[in-house]
Each structure stands twice: as structure tokens, then as C-alpha cells.
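So this block is work_9.csv, CSV, C-alpha atoms:
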```csv
chain,number,residue,atom,x,y,z
A,1,MET,CA,115.3,164.7,149.4
A,2,THR,CA,116.1,168.4,148.9
A,3,GLN,CA,116.4,170.3,152.2
A,4,GLU,CA,114.4,173.5,152.5
A,5,PRO,CA,116.5,176.7,152.5
A,6,LEU,CA,117.1,178.1,156.0
A,7,GLY,CA,115.6,181.6,156.6
A,8,VAL,CA,118.4,184.0,157.6
A,9,ALA,CA,118.7,187.6,158.6
A,10,VAL,CA,121.8,189.8,158.3
A,11,VAL,CA,122.3,192.5,161.0
A,12,GLY,CA,124.5,195.3,159.9
A,13,ALA,CA,124.6,196.9,156.4
A,14,GLY,CA,128.0,198.7,156.8
A,15,TYR,CA,131.4,197.5,155.6
A,16,TRP,CA,131.0,193.7,155.8
A,17,GLY,CA,127.2,193.2,155.8
A,18,PRO,CA,126.8,193.6,152.0
A,19,ASN,CA,129.3,190.8,151.5
A,20,LEU,CA,127.3,188.5,153.7
A,21,VAL,CA,124.1,189.6,151.9
A,22,ARG,CA,125.6,188.7,148.5
A,23,ASN,CA,126.8,185.3,149.6
A,24,PHE,CA,123.6,184.3,151.5
A,25,GLN,CA,121.6,185.3,148.4
A,26,ALA,CA,123.8,183.1,146.2
A,27,SER,CA,123.6,180.1,148.5
A,28,GLU,CA,121.1,177.3,148.0
A,29,ARG,CA,121.2,176.5,151.7
A,30,PHE,CA,119.7,179.8,152.8
A,31,ARG,CA,117.0,182.3,151.9
A,32,LEU,CA,117.8,185.8,153.0
A,33,ARG,CA,114.6,187.3,154.6
A,34,TRP,CA,115.8,190.4,156.4
A,35,LEU,CA,118.6,193.0,156.4
A,36,CYS,CA,118.5,194.9,159.7
A,37,ASP,CA,120.4,198.2,160.2
A,38,LEU,CA,119.8,201.3,162.2
A,39,ASP,CA,120.0,203.2,158.9
A,40,VAL,CA,117.1,201.7,156.9
A,41,GLU,CA,118.0,203.7,153.8
A,42,ARG,CA,121.5,202.3,153.8
A,43,ALA,CA,120.0,198.8,154.1
A,44,ARG,CA,117.7,199.5,151.2
A,45,ARG,CA,120.6,200.7,149.1
A,46,VAL,CA,122.5,197.5,149.8
A,47,LEU,CA,119.5,195.3,148.7
A,48,GLY,CA,118.7,197.3,145.6
A,49,GLY,CA,115.4,198.3,144.2
A,50,TYR,CA,114.1,194.9,143.1
A,51,SER,CA,114.9,192.9,146.2
A,52,THR,CA,112.2,190.9,148.0
A,53,VAL,CA,114.3,191.0,151.2
A,54,GLN,CA,112.9,193.2,153.9
A,55,ALA,CA,114.9,196.1,155.2
A,56,THR,CA,114.2,197.2,158.8
A,57,ALA,CA,115.7,199.0,161.8
A,58,ASP,CA,113.4,196.8,164.1
A,59,TYR,CA,115.5,194.0,165.4
A,60,ALA,CA,112.7,192.7,167.5
A,61,ALA,CA,110.6,192.1,164.4
A,62,VAL,CA,113.4,190.1,162.9
A,63,LEU,CA,113.7,187.8,165.9
A,64,ALA,CA,109.9,187.5,166.1
A,65,ASP,CA,109.8,186.1,162.5
A,66,PRO,CA,109.3,182.3,162.8
A,67,GLU,CA,110.8,181.9,159.3
A,68,VAL,CA,114.1,183.2,160.5
A,69,THR,CA,116.3,180.2,161.6
A,70,ALA,CA,119.6,182.0,161.7
A,71,VAL,CA,121.1,185.4,162.3
A,72,ALA,CA,124.4,186.8,160.9
A,73,VAL,CA,125.9,189.7,162.9
A,74,ALA,CA,128.1,192.2,161.1
A,75,THR,CA,128.1,195.1,163.5
A,76,PRO,CA,130.9,196.7,165.6
A,77,ALA,CA,132.4,194.2,168.1
A,78,GLY,CA,131.1,196.2,171.1
A,79,THR,CA,127.5,195.3,170.1
A,80,HIS,CA,128.1,191.6,169.4
A,81,LEU,CA,127.1,190.4,172.9
A,82,ASP,CA,123.7,192.1,173.0
A,83,ILE,CA,122.7,191.3,169.4
A,84,ALA,CA,124.0,187.7,169.4
A,85,LEU,CA,122.6,187.0,172.9
A,86,ALA,CA,119.1,188.2,171.9
A,87,ALA,CA,119.2,186.0,168.8
A,88,LEU,CA,120.3,182.9,170.8
A,89,ARG,CA,117.6,183.5,173.3
A,90,ALA,CA,115.1,183.7,170.5
A,91,GLY,CA,116.2,180.2,169.4
A,92,LYS,CA,118.2,181.3,166.4
A,93,HIS,CA,121.5,179.9,165.2
A,94,VAL,CA,124.1,182.7,165.1
A,95,LEU,CA,127.1,183.7,162.9
A,96,VAL,CA,129.2,186.5,164.3
A,97,GLU,CA,131.9,188.5,162.5
A,98,LYS,CA,135.4,188.5,164.0
A,99,PRO,CA,136.2,189.1,166.8
A,100,LEU,CA,133.5,187.0,168.5
A,101,ALA,CA,132.9,189.7,171.2
A,102,ALA,CA,134.6,192.7,172.6
A,103,THR,CA,136.0,190.7,175.6
A,104,TYR,CA,136.7,187.1,176.5
A,105,ALA,CA,134.1,187.3,179.3
A,106,ASP,CA,131.4,188.4,176.7
A,107,GLY,CA,132.5,185.6,174.4
A,108,VAL,CA,132.1,183.0,177.2
A,109,ARG,CA,128.5,184.2,177.7
A,110,LEU,CA,127.7,183.6,174.0
A,111,VAL,CA,129.3,180.2,173.9
A,112,THR,CA,127.6,179.1,177.1
A,113,GLU,CA,124.2,180.3,175.9
A,114,ALA,CA,124.5,178.5,172.6
A,115,GLU,CA,125.7,175.3,174.1
A,116,GLU,CA,122.9,175.3,176.7
A,117,ARG,CA,120.3,175.8,174.0
A,118,GLY,CA,121.8,173.4,171.5
A,119,LEU,CA,122.3,176.1,168.9
A,120,THR,CA,125.1,176.7,166.4
A,121,LEU,CA,127.4,179.6,167.2
A,122,MET,CA,130.0,180.3,164.5
A,123,CYS,CA,132.7,182.9,164.2
A,124,ASP,CA,133.4,184.2,160.6
A,125,HIS,CA,137.1,183.7,160.5
A,126,THR,CA,137.0,184.2,156.8
A,127,TYR,CA,140.6,183.4,155.9
A,128,CYS,CA,140.2,179.9,157.3
A,129,TYR,CA,137.9,179.2,154.4
A,130,THR,CA,140.3,180.2,151.6
A,131,PRO,CA,141.4,177.2,149.5
A,132,ALA,CA,145.0,178.0,150.4
A,133,VAL,CA,144.5,177.9,154.2
A,134,GLY,CA,142.4,174.7,153.8
A,135,ARG,CA,145.3,173.1,152.0
A,136,ILE,CA,147.8,174.2,154.6
A,137,ARG,CA,145.7,172.8,157.3
A,138,GLU,CA,145.5,169.4,155.5
A,139,MET,CA,149.3,169.3,155.0
A,140,VAL,CA,150.2,170.3,158.6
A,141,ARG,CA,147.7,167.8,160.1
A,142,ALA,CA,148.8,165.0,157.8
A,143,GLY,CA,152.4,165.5,159.0
A,144,ASP,CA,153.7,166.5,155.5
A,145,LEU,CA,155.8,169.3,157.2
A,146,GLY,CA,156.8,167.2,160.1
A,147,GLU,CA,156.9,168.7,163.6
A,148,ILE,CA,156.1,172.4,163.6
A,149,HIS,CA,159.2,174.4,164.5
A,150,PHE,CA,158.0,178.0,163.8
A,151,VAL,CA,155.2,180.0,162.2
A,152,ASP,CA,155.8,183.5,161.0
A,153,SER,CA,153.0,185.8,159.7
A,154,VAL,CA,153.2,189.3,158.3
A,155,ARG,CA,150.1,191.4,157.6
A,156,ILE,CA,151.1,194.9,156.8
A,157,ASN,CA,149.7,197.7,154.6
A,158,LEU,CA,149.0,201.5,154.5
A,159,GLY,CA,145.7,200.9,156.3
A,160,LEU,CA,142.9,202.8,157.8
A,161,VAL,CA,143.9,203.9,161.3
A,162,GLN,CA,141.0,202.9,163.5
A,163,LYS,CA,139.6,205.2,166.2
A,164,ASP,CA,138.3,202.6,168.6
A,165,ILE,CA,140.8,199.7,168.4
A,166,ASP,CA,144.5,199.3,167.9
A,167,VAL,CA,146.3,197.5,165.0
A,168,LEU,CA,146.5,194.4,167.1
A,169,TRP,CA,142.7,194.0,167.5
A,170,ASP,CA,142.1,195.2,163.9
A,171,LEU,CA,144.5,192.9,161.9
A,172,ALA,CA,145.9,190.2,164.2
A,173,PRO,CA,142.6,188.2,164.6
A,174,HIS,CA,143.1,187.1,161.0
A,175,ASP,CA,146.5,185.6,161.7
A,176,LEU,CA,145.6,184.2,165.1
A,177,SER,CA,142.5,182.5,163.7
A,178,ILE,CA,144.6,181.0,160.9
A,179,LEU,CA,147.1,179.7,163.4
A,180,ASP,CA,144.4,178.2,165.5
A,181,PHE,CA,142.9,176.6,162.4
A,182,ILE,CA,146.1,175.0,161.0
A,183,LEU,CA,147.9,173.8,164.2
A,184,PRO,CA,147.7,170.0,164.7
A,185,ALA,CA,145.7,168.5,167.6
A,186,GLY,CA,147.6,168.8,170.9
A,187,VAL,CA,149.7,171.8,169.8
A,188,GLU,CA,148.4,175.2,171.1
A,189,PRO,CA,149.7,178.6,172.2
A,190,VAL,CA,150.3,178.8,175.9
A,191,ALA,CA,151.8,182.3,176.3
A,192,VAL,CA,152.2,185.6,174.4
A,193,ALA,CA,154.5,188.6,174.5
A,194,ALA,CA,153.5,191.8,172.5
A,195,HIS,CA,155.4,194.9,171.6
A,196,GLY,CA,153.8,197.9,169.9
A,197,ALA,CA,154.4,201.5,168.9
A,198,ASP,CA,152.4,204.6,168.0
A,199,PRO,CA,154.9,206.7,166.1
A,200,ILE,CA,152.3,209.0,164.6
A,201,GLY,CA,150.4,209.9,167.8
A,202,ALA,CA,147.2,208.1,166.8
A,203,GLY,CA,146.4,207.2,170.4
A,204,GLN,CA,146.9,203.5,170.0
A,205,ALA,CA,149.4,201.1,168.6
A,206,CYS,CA,149.8,201.3,164.8
A,207,VAL,CA,152.6,198.7,164.6
A,208,ALA,CA,152.7,195.6,166.7
A,209,TYR,CA,154.7,192.3,167.0
A,210,LEU,CA,153.3,189.3,168.8
A,211,THR,CA,155.4,186.3,169.9
A,212,LEU,CA,153.5,183.2,170.9
A,213,THR,CA,155.0,180.2,172.7
A,214,LEU,CA,153.5,176.9,171.6
A,215,SER,CA,152.9,174.0,173.9
A,216,THR,CA,155.7,172.0,172.1
A,217,GLY,CA,158.3,174.8,172.7
A,218,ALA,CA,157.9,176.0,169.1
A,219,ILE,CA,157.4,179.7,168.4
A,220,ALA,CA,154.8,181.7,166.4
A,221,HIS,CA,155.3,185.3,165.4
A,222,VAL,CA,152.8,187.8,164.0
A,223,HIS,CA,153.7,191.3,162.6
A,224,VAL,CA,150.8,193.7,162.0
A,225,ASN,CA,151.2,197.3,160.8
A,226,TRP,CA,149.0,200.1,159.5
A,227,LEU,CA,152.0,202.3,158.4
A,228,SER,CA,153.7,200.2,155.7
A,229,PRO,CA,153.8,201.8,152.2
A,230,THR,CA,153.6,198.3,150.7
A,231,LYS,CA,151.1,195.5,151.3
A,232,VAL,CA,152.4,192.2,152.5
A,233,ARG,CA,150.4,189.1,153.5
A,234,THR,CA,152.6,186.1,154.0
A,235,THR,CA,152.7,183.2,156.4
A,236,MET,CA,155.6,180.8,156.7
A,237,VAL,CA,155.2,177.4,158.5
A,238,GLY,CA,158.5,175.7,159.2
A,239,GLY,CA,158.6,172.0,160.0
A,240,SER,CA,161.1,169.3,160.7
A,241,LYS,CA,160.6,167.9,157.2
A,242,ARG,CA,159.5,170.8,155.0
A,243,THR,CA,158.8,174.5,155.2
A,244,LEU,CA,155.7,176.1,153.6
A,245,LEU,CA,155.3,179.7,152.4
A,246,TRP,CA,151.8,181.2,151.7
A,247,ASP,CA,151.8,184.5,149.8
A,248,ASP,CA,148.2,185.6,149.7
A,249,LEU,CA,149.0,188.4,147.2
A,250,ASN,CA,150.6,186.0,144.6
A,251,PRO,CA,147.8,184.5,142.6
A,252,LEU,CA,150.2,182.5,140.4
A,253,GLN,CA,151.9,180.7,143.4
A,254,ARG,CA,150.0,181.2,146.6
A,255,VAL,CA,151.6,178.2,148.3
A,256,ALA,CA,155.2,176.9,147.9
A,257,VAL,CA,156.6,173.9,149.9
A,258,TYR,CA,160.4,173.8,150.3
A,259,ASP,CA,162.2,170.5,151.0
A,260,ARG,CA,165.1,172.5,152.5
A,261,GLY,CA,166.2,172.9,156.1
A,262,VAL,CA,168.6,172.2,158.9
A,263,GLU,CA,169.0,168.7,160.5
A,264,MET,CA,170.8,167.9,163.7
A,265,ALA,CA,172.3,164.4,164.2
A,266,ALA,CA,171.1,162.6,167.3
A,267,PRO,CA,173.7,162.2,170.1
A,268,GLN,CA,173.8,158.4,169.7
A,269,GLU,CA,174.7,158.8,166.0
A,270,ILE,CA,177.8,160.9,166.9
A,271,GLY,CA,181.2,159.3,167.5
A,272,ALA,CA,182.9,159.8,170.9
A,273,ASP,CA,185.4,162.3,169.4
A,274,GLU,CA,182.6,164.5,168.1
A,275,ARG,CA,180.2,164.6,171.0
A,276,ARG,CA,181.3,168.0,172.0
A,277,GLU,CA,180.2,169.5,168.7
A,278,MET,CA,176.8,168.5,167.5
A,279,LEU,CA,176.7,167.8,163.8
A,280,VAL,CA,174.5,170.1,161.8
A,281,SER,CA,173.7,169.3,158.2
A,282,TYR,CA,171.8,171.3,155.6
A,283,ARG,CA,169.2,169.7,153.4
A,284,SER,CA,168.5,171.4,150.0
A,285,GLY,CA,165.8,169.7,148.0
A,286,ASP,CA,163.0,170.7,145.6
A,287,MET,CA,160.4,173.4,145.9
A,288,VAL,CA,156.8,172.3,145.0
A,289,ALA,CA,153.9,174.6,144.3
A,290,PRO,CA,150.7,172.6,144.9
A,291,ALA,CA,147.7,173.5,142.8
A,292,ILE,CA,145.3,175.6,144.8
A,293,GLY,CA,141.7,176.0,143.6
A,294,GLU,CA,139.9,179.3,143.5
A,295,LYS,CA,136.7,179.8,145.5
A,296,GLU,CA,135.4,182.8,147.4
A,297,ALA,CA,136.2,182.2,151.1
A,298,LEU,CA,132.9,183.8,152.2
A,299,ARG,CA,130.9,181.3,150.1
A,300,SER,CA,132.7,178.4,151.7
A,301,MET,CA,132.1,179.9,155.1
A,302,VAL,CA,128.4,180.3,154.4
A,303,ASP,CA,128.2,176.7,153.2
A,304,GLU,CA,129.9,175.5,156.4
A,305,PHE,CA,127.4,177.5,158.5
A,306,GLY,CA,124.5,175.8,156.7
A,307,ASP,CA,126.1,172.3,156.9
A,308,ALA,CA,126.8,172.7,160.6
A,309,ILE,CA,123.2,173.7,161.3
A,310,GLY,CA,121.8,170.9,159.2
A,311,ALA,CA,124.1,168.2,160.8
A,312,GLY,CA,123.8,169.6,164.3
A,313,ARG,CA,127.6,169.7,164.6
A,314,ALA,CA,130.1,172.3,165.6
A,315,PRO,CA,131.3,174.4,162.6
A,316,LEU,CA,135.0,174.4,161.8
A,317,THR,CA,135.4,177.9,163.4
A,318,ASP,CA,132.9,177.6,166.2
A,319,GLY,CA,132.4,179.9,169.2
A,320,ARG,CA,135.3,178.2,171.1
A,321,ALA,CA,137.7,179.0,168.3
A,322,GLY,CA,136.5,182.6,168.6
A,323,LEU,CA,137.2,182.4,172.4
A,324,ARG,CA,140.8,181.1,171.8
A,325,VAL,CA,141.5,184.1,169.6
A,326,LEU,CA,140.0,186.5,172.2
A,327,ASP,CA,142.1,184.9,174.9
A,328,ILE,CA,145.3,185.7,172.9
A,329,LEU,CA,144.2,189.3,172.0
A,330,GLU,CA,143.4,190.1,175.6
A,331,ALA,CA,146.7,188.6,176.8
A,332,ALA,CA,148.6,190.5,174.1
A,333,SER,CA,146.9,193.8,175.2
A,334,ARG,CA,148.0,193.1,178.8
A,335,SER,CA,151.5,192.4,177.5
A,336,LEU,CA,151.6,195.8,175.6
A,337,GLU,CA,150.6,197.5,178.8
A,338,PHE,CA,153.6,195.9,180.6
A,339,LYS,CA,156.1,196.7,177.9
A,340,GLY,CA,156.3,193.2,176.4
A,341,ALA,CA,156.0,191.0,179.5
A,342,VAL,CA,155.1,187.4,178.8
A,343,VAL,CA,151.5,186.7,179.6
A,344,GLY,CA,150.1,183.1,180.0
A,345,LEU,CA,147.0,182.1,178.1
A,346,ARG,CA,144.0,180.3,179.7
A,347,ALA,CA,144.7,177.3,177.5
A,348,GLY,CA,148.2,177.0,178.9
A,349,ARG,CA,147.3,177.4,182.6
```
This structure in C-alpha cells:
Amino acid sequence: MTQEPLGVAVVGAGYWGPNLVRNFQASERFRLRWLCDLDVERARRVLGGYSTVQATADYAAVLADPEVTAVAVATPAGTHLDIALAALRAGKHVLVEKPLAATYADGVRLVTEAEERGLTLMCDHTYCYTPAVGRIREMVRAGDLGEIHFVDSVRINLGLVQKDIDVLWDLAPHDLSILDFILPAGVEPVAVAAHGADPIGAGQACVAYLTLTLSTGAIAHVHVNWLSPTKVRTTMVGGSKRTLLWDDLNPLQRVAVYDRGVEMAAPQEIGADERREMLVSYRSGDMVAPAIGEKEALRSMVDEFGDAIGAGRAPLTDGRAGLRVLDILEAASRSLEFKGAVVGLRAGR
């Protein structure tokens, strides 16, 4: 039996809204009914002249439509609480762009409201739905890399300097959501230290470095930068068995797995004369580049939203995943204020 498409409305026709509009229209799981924006003409331009989707600035009318089952919010983070809360209270499932909310406290209100009403709340952590990150998650959780020793992410480019948020809040949510997505069960960040700089006098950090302590004692590092003349998007995941490198800008070899590393002999394996000097050995094996399919991440994200609603289950990047990212961002901001002091996370308290 074919399931009827779910009526959906997109709120926000600015930078990201048009991408959601396109993917909802292409999905068999949804039927796009409304595009809501304070600038109705902008919404109409996004939809085009022949669209049957209604453009409006009246959000109340959208929520009053019984055919609307779900609402996707693509507006500035400061507006997420009010818009998403109104949708949940109207009985709608909600998809929210990253970050989930402007503050952790606001995010908690959204998660609590959704759980009390039995509604789906999903955060669009888009990179988690790329084929490459999906494959990395599978390999890490299957133990192919062994115990995780370190994660190192770089996301730098000559970017648009934002007026309302620093580079940490602009770029790091991508890397933090990926980290949250790929770490195996029982491994989580427990503390963060952040360092930032504003060398051009923009009024907020334009370069930032985050160092996260994981619950196992391993370390994760994130470098974000608006001032780099070259664009780099790489993530390295080092394990006790293998190390993986993801280069998002290399379409020919997005993921490479190296069977190379350092091994330490266990004390019981060392003779009495050698106990003072632990034996270190170096392993140099093959590099394998697994085949990675090509599929638009947003399309997979939209499919996951529809599947989660249909099955009444939590989506892969649910509201609580959004909360975990907000927790790190807020702690990192506090660390910046205190010149790199280590700040504990809620998960690690």
C-alpha cells in the first residue's frame, strides 16, 4: 500500500530555504504546500511562476492548514524557538536548520515540547547524510578502525564574515555534528577548550581552534577559519587499527583508509631487561579507498525525516543530537571568554 505524501511547509526563503523547497518537491514522501517568508515576493521568486505551492507571509495560516503535517524551519537561529515551538504546539512535526536554537535552554524547550506531544523533531545536520560520512560512521561503529585515538577536523576558507555570530557558531556545528554522528556508543565529548582570534577587527572571532576531551581519554580537534585563502575540508579519524582520512573536496578519493600506525608492546610482553623502555613499533600497510556512492545529502536528509515520521521513531539527527552540539558550542564560547580554559560539558558532568 502506497503511503500518502505528507503535507509540508517551508519557513524561510533566504539562503537555505530554496534548497529545502527543491528537495521536498523532488521527494515522493512529501507534498510541499506552503513557502512562508516575511518577503512574499522573494518566496514567489523561489517557487517560480508555474508553482502550485502557496507563498505567504502569514505563518498562522500555514499552521492552521490541516493538510500540513510537517514544518521545515530555515530562518536565523534566533527565531528558531518561536517558529518551531508554534509548529509543535499546532501538532506539526518539525525539521530545524542547524543550530537547533540560539541557546541550549531554548533547545531544551523544543525537545521537551516535541517529546511531550509525541512529535518528530529533527535537526538538519546536512553533512551527516553525505554518503562519505555514512560510510565513516559504519566503519567506526563496526570497529574497523579499532579504538578511536584522535579526530582532527579542518574547515577553512575565505568565507563571509558574519555580523551576528563568530566563526565558531558559523562553521563548527558541521564538524561537531559529524563527530556526534560517527562516534561509537559510549564514547562522547566531556570537556572543551577553545582559542580564537579576531586579527581583522571584525568584532568576533574569525579563526578558532577547539580541543575536545572524549570520555575514553582520546582527543578531538576542530579548526575553523574565515580568513584562509584556500578552502580545506578534511577530517582524520585515527584508530588503534587503522586511520581514515576524509577529504570532502576530492571527488576522486573522498575517503582513504590507512593501515599504518604506531603500536606499543604490552608490559607483560617485554623482557625484564627492557621494562624501562617501552617498545614502540611502526606498522606500515596498505591504503584502501572504499567506493563511495554519490547522492545529494539533503535528499537523504529529507527521506530520513519522512521515514522517521512514518515509523514514529527518532530520526538519526534528532533534537537531542542538536542539543549535544549546542552544549559544546556554548561551552566553547565560555572557554573563549576565559582565554582557553577547559569547560566541562553537560554530558560529562
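The closest residue to A:Pro199, picked from A:Leu63, A:Leu227, A:Leu145, A:Ala218 and counting only C-alpha atoms, is A:Leu227.
Comparing the minimum interatomic distances between A:Trp169 and each of A:Ala208, A:Val257, A:Leu183, A:Val96, counting all atoms listed in the file, we find that A:Ala208 sits nearest.
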Test item: which residues lie within 9 Å of (122.9, 179.8, 149.1) counting only C-alpha atoms, as a ChimeraX atom specification: /A:5,23-32,299,302-303,306
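When the distance limit is 9 Å and only C-alpha atoms are what count, the residues near A:Val11, minus those fewer than 4 positions from it on the same chain, are Gly17, Trp34, Leu35, Cys36, Asp37, Tyr59, Val71, Ala72, Val73, Ala74, Thr75 and Ile83 of chain A.
Across the structure, atom CA of A:Val68 and atom CA of A:Leu20 are spaced 15.8 Å apart.
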So that I can see what lies close to stretch 186-191 of chain A, please list as JSON, numbers by chain the residues with an atom at most 7 Å from it, counting all atoms listed in the file and leaving out residues fewer than 4 positions away in the same chain. {"A": [212, 213, 214, 215, 216, 342, 343, 344, 345, 347, 348]}
How would the residues just picked look written out with C-alpha atoms as a PDB file, in the coordinates of the input?
```
ATOM      1  CA  LEU A 212     153.500 183.200 170.900  1.00  0.00           C
ATOM      2  CA  THR A 213     155.000 180.200 172.700  1.00  0.00           C
ATOM      3  CA  LEU A 214     153.500 176.900 171.600  1.00  0.00           C
ATOM      4  CA  SER A 215     152.900 174.000 173.900  1.00  0.00           C
ATOM      5  CA  THR A 216     155.700 172.000 172.100  1.00  0.00           C
ATOM      6  CA  VAL A 342     155.100 187.400 178.800  1.00  0.00           C
ATOM      7  CA  VAL A 343     151.500 186.700 179.600  1.00  0.00           C
ATOM      8  CA  GLY A 344     150.100 183.100 180.000  1.00  0.00           C
ATOM      9  CA  LEU A 345     147.000 182.100 178.100  1.00  0.00           C
ATOM     10  CA  ALA A 347     144.700 177.300 177.500  1.00  0.00           C
ATOM     11  CA  GLY A 348     148.200 177.000 178.900  1.00  0.00           C
TER      12      GLY A 348
END
```
Please provide the set of residues having any atom within 6 Å of A:Tyr129, restricted to all atoms listed in the file, with same-chain residues fewer than 3 positions apart removed, written as a ChimeraX atom specification. /A:126,297,300-301
